[in-house]
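Student: The structure file data.txt (compact mmCIF, C-alpha atoms) is provided below.
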# COMPACT_ATOMS: atom_id res chain seq x y z
CA MET A 1 66.24 17.32 61.50
CA PHE A 2 68.13 17.88 58.23
CA LYS A 3 65.62 16.06 56.02
CA LYS A 4 63.02 18.84 55.68
CA PRO A 5 65.45 21.60 54.56
CA LYS A 6 66.90 19.20 51.98
CA ARG A 7 63.43 18.37 50.67
CA LYS A 8 62.66 22.08 50.35
CA LEU A 9 65.93 22.62 48.49
CA TYR A 10 65.23 19.76 46.08
CA ALA A 11 61.70 21.08 45.49
CA LEU A 12 63.10 24.54 44.76
CA ILE A 13 65.64 23.14 42.31
CA PHE A 14 62.94 21.32 40.36
CA VAL A 15 60.48 24.24 40.41
CA LEU A 16 63.00 26.96 39.55
CA PRO A 17 63.48 26.15 35.81
CA THR A 18 59.72 26.13 35.17
CA PHE A 19 59.20 29.27 37.23
CA ALA A 20 62.06 31.03 35.41
CA ALA A 21 60.57 30.07 32.03
CA PHE A 22 57.18 31.37 33.17
CA VAL A 23 58.66 34.69 34.28
CA ILE A 24 60.75 35.14 31.13
CA GLY A 25 58.08 33.92 28.71
CA PHE A 26 54.95 35.44 30.28
CA ILE A 27 55.31 37.72 33.32
CA TYR A 28 58.06 39.97 31.94
CA PRO A 29 56.55 40.37 28.43
CA PHE A 30 53.13 41.06 29.97
CA PHE A 31 54.27 43.96 32.14
CA ARG A 32 56.69 45.16 29.47
CA GLY A 33 53.76 45.29 27.05
CA ILE A 34 51.69 47.39 29.45
CA TYR A 35 54.66 49.72 29.89
CA LEU A 36 55.17 50.10 26.12
CA SER A 37 51.49 50.86 25.56
CA PHE A 38 52.25 54.39 26.84
CA PHE A 39 55.05 54.90 24.31
CA GLN A 40 55.34 55.58 20.62
CA PHE A 41 58.02 53.46 19.03
CA GLN A 42 59.31 51.54 16.06
CA ILE A 43 62.35 50.29 17.96
CA VAL A 44 61.91 49.65 21.69
CA SER A 45 65.22 51.28 22.56
CA LYS A 46 64.01 54.55 21.00
CA ALA A 47 60.54 54.64 22.54
CA LYS A 48 58.96 58.08 23.15
CA PHE A 49 56.53 58.56 26.04
CA VAL A 50 53.10 59.76 24.82
CA GLY A 51 50.88 59.01 27.83
CA PHE A 52 47.36 57.90 26.96
CA ASP A 53 47.58 58.97 23.31
CA ASN A 54 47.81 55.35 22.16
CA TYR A 55 44.64 54.44 24.06
CA ILE A 56 42.79 57.46 22.66
CA ARG A 57 43.94 56.50 19.17
CA ALA A 58 42.81 52.91 19.76
CA PHE A 59 39.27 53.97 20.68
CA GLN A 60 39.20 56.22 17.63
CA ASP A 61 40.28 53.35 15.37
CA GLU A 62 37.18 52.29 13.41
CA SER A 63 38.65 48.91 12.51
CA PHE A 64 39.36 48.13 16.19
CA LEU A 65 35.81 49.03 17.24
CA ARG A 66 34.39 47.05 14.33
CA SER A 67 36.48 44.02 15.27
CA PHE A 68 35.24 44.27 18.87
CA TRP A 69 31.56 44.06 17.91
CA PHE A 70 32.24 41.32 15.36
CA THR A 71 34.19 39.33 17.96
CA LEU A 72 31.53 39.85 20.62
CA GLY A 73 28.79 38.55 18.31
CA PHE A 74 30.95 35.61 17.33
CA VAL A 75 31.69 34.77 20.98
CA VAL A 76 28.01 34.79 21.99
CA VAL A 77 26.94 32.53 19.11
CA SER A 78 29.89 30.13 19.29
CA VAL A 79 29.80 29.71 23.09
CA ILE A 80 26.11 28.80 23.01
CA LEU A 81 26.34 26.46 20.02
CA ILE A 82 29.53 24.69 21.11
CA ASN A 83 28.24 23.99 24.60
CA VAL A 84 24.78 22.88 23.46
CA ILE A 85 26.24 20.54 20.83
CA ALA A 86 28.92 19.17 23.17
CA PHE A 87 26.42 18.68 26.01
CA PHE A 88 23.91 16.67 23.99
CA VAL A 89 26.58 14.65 22.17
CA ALA A 90 28.08 13.78 25.56
CA TYR A 91 24.61 12.92 26.86
CA ALA A 92 24.02 10.59 23.90
CA LEU A 93 27.39 8.91 24.34
CA THR A 94 26.73 8.16 28.01
CA LEU A 95 23.59 6.15 27.20
CA LYS A 96 25.70 3.02 26.66
CA ILE A 97 25.17 2.83 22.91
CA ARG A 98 27.34 0.53 20.84
CA GLY A 99 30.56 2.08 19.56
CA SER A 100 30.44 5.03 21.96
CA ASN A 101 34.21 4.92 22.50
CA VAL A 102 34.80 5.12 18.75
CA PHE A 103 32.45 8.10 18.48
CA ARG A 104 34.24 9.84 21.33
CA THR A 105 37.55 9.48 19.51
CA VAL A 106 36.10 10.67 16.20
CA PHE A 107 34.45 13.74 17.74
CA PHE A 108 37.63 14.64 19.65
CA MET A 109 40.04 14.34 16.69
CA PRO A 110 39.34 17.78 15.08
CA ASN A 111 40.77 19.41 18.20
CA LEU A 112 44.16 17.86 17.39
CA ILE A 113 44.43 19.68 14.05
CA GLY A 114 46.17 23.06 13.95
CA GLY A 115 44.07 26.17 13.46
CA ILE A 116 45.88 27.36 10.31
CA ILE A 117 45.42 23.98 8.63
CA LEU A 118 41.76 23.84 9.63
CA GLY A 119 41.20 27.31 8.27
CA TYR A 120 42.63 26.48 4.86
CA ILE A 121 40.76 23.15 4.69
CA TRP A 122 37.41 24.71 5.56
CA HIS A 123 38.09 27.60 3.19
CA GLN A 124 38.29 25.12 0.31
CA ILE A 125 35.20 23.23 1.54
CA PHE A 126 33.09 26.39 1.86
CA ASP A 127 34.23 27.80 -1.48
CA GLY A 128 33.40 24.52 -3.23
CA LEU A 129 29.93 24.35 -1.67
CA LEU A 130 29.14 28.00 -2.32
CA ARG A 131 30.34 27.77 -5.92
CA ASN A 132 28.04 24.81 -6.56
CA LEU A 133 25.12 26.75 -5.04
CA ASP A 134 25.91 29.83 -7.16
CA MET A 135 26.52 31.90 -4.03
CA PRO A 136 29.25 34.49 -3.40
CA SER A 137 32.61 33.43 -2.04
CA LEU A 138 33.25 33.32 1.69
CA VAL A 139 35.66 36.27 1.48
CA THR A 140 33.21 38.52 -0.37
CA ASN A 141 30.31 38.32 2.07
CA GLU A 142 30.46 39.33 5.73
CA THR A 143 27.55 37.13 6.83
CA LEU A 144 28.98 34.03 5.16
CA GLY A 145 32.38 34.78 6.69
CA PHE A 146 30.83 35.05 10.15
CA TRP A 147 28.96 31.75 9.92
CA GLY A 148 31.96 30.09 8.34
CA LEU A 149 34.03 30.96 11.42
CA VAL A 150 31.24 29.76 13.72
CA ILE A 151 30.96 26.40 11.93
CA LEU A 152 34.73 25.92 11.96
CA MET A 153 34.95 26.76 15.68
CA CYS A 154 32.07 24.43 16.56
CA TRP A 155 33.57 21.58 14.55
CA GLN A 156 36.95 21.98 16.23
CA GLN A 157 35.95 22.70 19.84
CA ALA A 158 32.78 20.67 20.42
CA GLY A 159 34.67 17.38 20.70
CA TYR A 160 37.00 18.71 23.39
CA MET A 161 34.11 20.09 25.44
CA MET A 162 32.28 16.80 24.94
CA ILE A 163 35.02 14.96 26.85
CA ILE A 164 34.60 17.33 29.82
CA TYR A 165 30.83 16.92 29.76
CA ILE A 166 31.15 13.13 29.63
CA ALA A 167 33.30 13.27 32.77
CA GLY A 168 30.61 15.43 34.36
CA PHE A 169 27.83 12.99 33.45
CA GLN A 170 29.80 10.10 34.88
CA SER A 171 30.37 11.95 38.17
CA VAL A 172 26.65 12.38 38.90
CA PRO A 173 25.74 9.94 41.73
CA ALA A 174 23.42 7.15 40.61
CA ASP A 175 21.54 7.47 43.91
CA LEU A 176 20.10 10.80 42.81
CA TYR A 177 18.64 9.27 39.65
CA GLU A 178 17.18 6.35 41.59
CA ALA A 179 15.59 8.66 44.16
CA ALA A 180 14.12 10.86 41.41
CA LYS A 181 12.72 7.83 39.55
CA ILE A 182 11.07 6.60 42.76
CA ASP A 183 9.41 10.03 43.01
CA GLY A 184 8.06 9.55 39.48
CA ALA A 185 10.42 11.77 37.47
CA ASN A 186 10.53 11.17 33.72
CA LYS A 187 13.62 11.53 31.49
CA GLY A 188 13.03 15.22 30.85
CA GLN A 189 12.65 15.95 34.54
CA LEU A 190 15.76 13.92 35.32
CA LEU A 191 17.71 16.01 32.83
CA THR A 192 16.49 19.41 34.01
CA ASN A 193 16.16 18.79 37.77
CA VAL A 194 18.98 16.34 38.46
CA THR A 195 21.53 16.26 35.66
CA LEU A 196 21.83 19.97 34.85
CA PRO A 197 22.30 21.17 38.48
CA MET A 198 24.92 18.48 39.08
CA MET A 199 26.63 19.31 35.77
CA MET A 200 27.19 22.98 36.61
CA PRO A 201 30.93 22.53 37.42
CA SER A 202 31.44 21.06 33.94
CA ILE A 203 29.31 23.80 32.40
CA THR A 204 31.42 26.40 34.22
CA ILE A 205 34.66 24.94 32.86
CA CYS A 206 33.39 24.50 29.30
CA SER A 207 31.82 27.96 29.21
CA PHE A 208 35.08 29.50 30.40
CA LEU A 209 37.19 27.59 27.85
CA THR A 210 34.90 28.30 24.90
CA LEU A 211 34.60 31.96 25.92
CA THR A 212 38.34 32.56 26.13
CA ASN A 213 39.12 30.43 23.05
CA SER A 214 36.53 32.31 20.99
CA PHE A 215 37.88 35.70 22.04
CA LYS A 216 41.47 34.68 21.30
CA LEU A 217 40.71 33.12 17.89
CA PHE A 218 43.52 34.05 15.50
CA ASP A 219 44.82 31.22 13.31
CA GLN A 220 41.43 30.18 11.96
CA ASN A 221 40.41 33.77 11.27
CA LEU A 222 43.66 34.44 9.41
CA ALA A 223 43.38 31.32 7.25
CA LEU A 224 39.62 31.25 6.62
CA THR A 225 38.78 34.86 5.74
CA GLY A 226 41.84 36.97 6.54
CA GLY A 227 39.39 39.66 7.64
CA ALA A 228 37.81 40.01 4.17
CA PRO A 229 35.74 41.56 2.74
CA LEU A 230 37.04 45.12 2.90
CA VAL A 231 34.14 47.60 3.07
CA ASP A 232 34.73 51.36 3.21
CA GLY A 233 38.31 50.80 4.33
CA VAL A 234 37.35 48.44 7.20
CA TRP A 235 37.95 44.69 7.27
CA THR A 236 34.55 43.33 8.26
CA THR A 237 35.45 39.82 9.48
CA ARG A 238 38.61 40.63 11.39
CA MET A 239 38.46 39.48 14.98
CA MET A 240 40.23 41.42 17.72
CA ALA A 241 43.36 39.26 17.90
CA LEU A 242 43.96 39.48 14.15
CA ASN A 243 43.16 43.19 14.08
CA ILE A 244 45.65 43.91 16.87
CA TYR A 245 48.33 41.94 15.01
CA LYS A 246 47.68 43.86 11.78
CA THR A 247 47.68 47.19 13.64
CA PHE A 248 50.93 46.48 15.46
CA TYR A 249 52.73 45.57 12.24
CA GLY A 250 51.12 48.38 10.26
CA GLU A 251 52.94 51.34 8.81
CA GLY A 252 53.66 54.55 10.70
CA LYS A 253 55.39 55.53 13.92
CA ALA A 254 52.23 55.22 16.02
CA ALA A 255 51.28 51.74 14.77
CA LYS A 256 53.17 49.67 17.32
CA GLY A 257 52.19 51.81 20.28
CA THR A 258 48.54 51.77 19.23
CA GLY A 259 48.64 48.02 18.69
CA GLN A 260 50.17 47.58 22.13
CA ALA A 261 47.41 49.69 23.71
CA GLU A 262 44.76 47.69 21.84
CA GLY A 263 46.34 44.50 23.20
CA VAL A 264 46.01 45.78 26.78
CA ILE A 265 42.38 46.77 26.18
CA PHE A 266 41.72 43.34 24.67
CA PHE A 267 43.24 41.66 27.72
CA LEU A 268 41.06 43.69 30.11
CA ILE A 269 37.91 42.90 28.11
CA VAL A 270 38.57 39.16 28.16
CA VAL A 271 39.44 39.16 31.88
CA VAL A 272 36.33 41.11 32.91
CA ILE A 273 33.91 39.06 30.80
CA SER A 274 35.52 35.78 31.90
CA LEU A 275 35.31 36.72 35.59
CA VAL A 276 31.64 37.68 35.19
CA GLN A 277 30.93 34.35 33.50
CA LEU A 278 32.73 32.41 36.24
CA TYR A 279 30.85 34.30 38.94
CA LEU A 280 27.43 33.69 37.36
CA THR A 281 27.95 30.00 36.64
CA ARG A 282 29.63 29.16 39.95
CA ARG A 283 26.66 30.60 41.82
CA LYS A 284 24.53 27.83 40.32
CA GLU A 285 26.84 24.98 41.31
CA VAL A 286 25.49 22.54 43.89
CA GLN A 287 27.09 19.81 45.95
CA ALA A 288 25.99 16.20 45.76
Show me this structure written as structure tokens.
Tutor:
Amino acid sequence: MFKKPKRKLYALIFVLPTFAAFVIGFIYPFFRGIYLSFFQFQIVSKAKFVGFDNYIRAFQDESFLRSFWFTLGFVVVSVILINVIAFFVAYALTLKIRGSNVFRTVFFMPNLIGGIILGYIWHQIFDGLLRNLDMPSLVTNETLGFWGLVILMCWQQAGYMMIIYIAGFQSVPADLYEAAKIDGANKGQLLTNVTLPMMMPSITICSFLTLTNSFKLFDQNLALTGGAPLVDGVWTTRMMALNIYKTFYGEGKAAKGTGQAEGVIFFLIVVVISLVQLYLTRRKEVQA
């Protein structure tokens, strides 16, 4: 009769350090950040309550609005490209071709490299290519900066999503393929009518990960373009995460409060869009 209470005590002892770290490192800063978004401050201990002024100032900030639309366009393009590339690479690597395990490792390796390092490496690659083609530098052209970020993100993330899609392909029951072949289905029909419906759980996961990773992109943006070029006082390739960072550490008494408010708005945007994506993709999931 004393075994169960002891087990619960041992479980609590093991869980408590992780839970405490989670509360100290995430829960407390999160709610503290929401609280400070209603204050004007340079030092937290001398914060002055200003109500919704920080939020009003955030929506009046041209650079914040510009970063939102730039980030939204980037997210749409990168989510589609990453998932399409990862899906078809995974499909090719499940066809039992020679050296498939080597290819899986090679495609996955870019995900192991840090974002700052990747940004600087690709910055040199793009500048070298553009210089040889007599084209403007990556940091002097908004369009080139946008596609440079998309290419970098695809190169880094596609291999990780590929692993998830491979697991999804391997989980599709062989009986379904055999039954479809007996009914006369060709390869295209197998892909669209059998594989895709059964792959929806993997598509849901990969779409969610690419969506949130694209919204939160910071290191690569900082290293690749730094937000350049600057046009009419607005950094045209700054994504929301980098823009919030620059706002928070900007000059002026209102900078930190405004940056904090922009961070809360950013959080709400990502949560809402992610929940909508999860709802739409989960509706299409089927059971074997």
Student: With only C-alpha atoms as the basis for distance, which of A:Thr105, A:Thr204, A:Ser171, A:Thr247 is at the shortest distance from Leu280 of chain A?
Tutor: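 Comparing A:Thr105, A:Thr204, A:Ser171, A:Thr247 against Leu280 of chain A, the winner is A:Thr204.
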Student: Quick one: residues within 9 Å of segment 140-144 of chain A, only C-alpha atoms, excluding same-chain residues fewer than 3 positions away - as a VMD selection string?
Tutor: chain A and resid 136 to 137 147 to 149 228 to 230 236 to 237
Student: Measuring between only C-alpha atoms, which one of A:Thr94, A:Ala158, A:Val50, A:Ile113 shows the shortest distance to Val172 of chain A?
Tutor: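 Among A:Thr94, A:Ala158, A:Val50, A:Ile113, it is A:Thr94 that comes nearest to Val172 of chain A.
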Student: Give me the residues near Gln157 of chain A as a PDB file with C-alpha atoms, keeping the file's coordinate frame, where near means some atom within 8 Å (using all atoms listed in the file) and where sequence neighbours in that chain fewer than 2 positions away do not count.
Tutor:
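Below is the file that was written, selection.pdb:
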ATOM      1  CA  ILE A  82      29.530  24.690  21.110  1.00  0.00           C
ATOM      2  CA  PRO A 110      39.340  17.780  15.080  1.00  0.00           C
ATOM      3  CA  ASN A 111      40.770  19.410  18.200  1.00  0.00           C
ATOM      4  CA  MET A 153      34.950  26.760  15.680  1.00  0.00           C
ATOM      5  CA  CYS A 154      32.070  24.430  16.560  1.00  0.00           C
ATOM      6  CA  TRP A 155      33.570  21.580  14.550  1.00  0.00           C
ATOM      7  CA  GLY A 159      34.670  17.380  20.700  1.00  0.00           C
ATOM      8  CA  TYR A 160      37.000  18.710  23.390  1.00  0.00           C
ATOM      9  CA  MET A 161      34.110  20.090  25.440  1.00  0.00           C
ATOM     10  CA  THR A 210      34.900  28.300  24.900  1.00  0.00           C
TER      11      THR A 210
END
Student: Could you list, as a PyMOL selection string, every residue within 10 Å of Phe87 of chain A, counting all atoms listed in the file and ignoring same-chain residues fewer than 2 positions away?
Tutor: chain A and resi 81-85+89-93+158-159+161-166+168-169+199+202-203+206
Student: Give the answer as one residue: which of A:Ala254, A:Leu222, A:Leu130, A:Thr195 has the shortest atom-to-atom distance to Val286 of chain A, using only C-alpha atoms?
Tutor: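 Looking at the shortest contact to Val286 of chain A, the residue is A:Thr195.
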Student: Quick one: everything within 10 Å of Leu118 of chain A, counting all atoms listed in the file, minus sequence neighbours fewer than 2 positions away in the same chain. Send it as a list in words.
Tutor: Pro110, Asn111, Ile113, Gly114, Gly115, Ile116, Tyr120, Ile121, Trp122, His123, Leu152, Met153, Trp155, Gln156, Asp219, Gln220, Ala223 and Leu224 of chain A
Student: Near Gly227 of chain A, within 9 Å and counting all atoms listed in the file, which residues show up once chain neighbours fewer than 6 positions away are dropped, as a PyMOL selection string?
Tutor: chain A and resi 139+145+221+235-239+242-243
Student: May I ask which of the residues A:Phe74, A:Lys8, A:Asn54, A:Asp134 is the closest one to Phe39 of chain A, counting all atoms listed in the file?
Tutor: A:Asn54
Student: Please compute the atom CA of Pro197 of chain A-atom CA of Leu209 of chain A distance, one decimal, in Å.
Tutor: 19.4 Å
Student: Residues within 7 Å of (40.8, 38.2, 18.9), file coordinates, counting all atoms listed in the file: what are they? Give the list as a list of chain:residue names.
Tutor: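 Returned residue set, sorted by chain then number, is A:Thr71, A:Phe215, A:Lys216, A:Leu217, A:Phe218, A:Met239, A:Met240, A:Ala241, A:Leu242.
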Student: Mind pulling up the distance from atom CA of Ile205 of chain A to atom CA of Glu262 of chain A?
Tutor: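 Value for the atom CA of Glu262 of chain A-atom CA of Ile205 of chain A distance: 27.2 Å.
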Student: Using all atoms listed in the file, pick whichever of A:Met135, A:Val150, A:Leu95, A:Val271 has the shortest atom-to-atom distance to Thr212 of chain A.
Tutor: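 Of A:Met135, A:Val150, A:Leu95, A:Val271, the one nearest Thr212 of chain A is A:Val271, counting all atoms listed in the file.
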Student: How far is it from atom CA of Arg282 of chain A to atom CA of Met198 of chain A, in Å with one decimal?
Tutor: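 One can read the atom CA of Arg282 of chain A to atom CA of Met198 of chain A distance as 11.7 Å.
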Student: Name the closest residue to Val79 of chain A among the candidates A:Ile125, A:Ile151, A:Leu176, A:Ala47; distances are taken between atoms, counting only C-alpha atoms.
Tutor: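 Among the listed residues, the smallest separation from Val79 of chain A belongs to A:Ile151.
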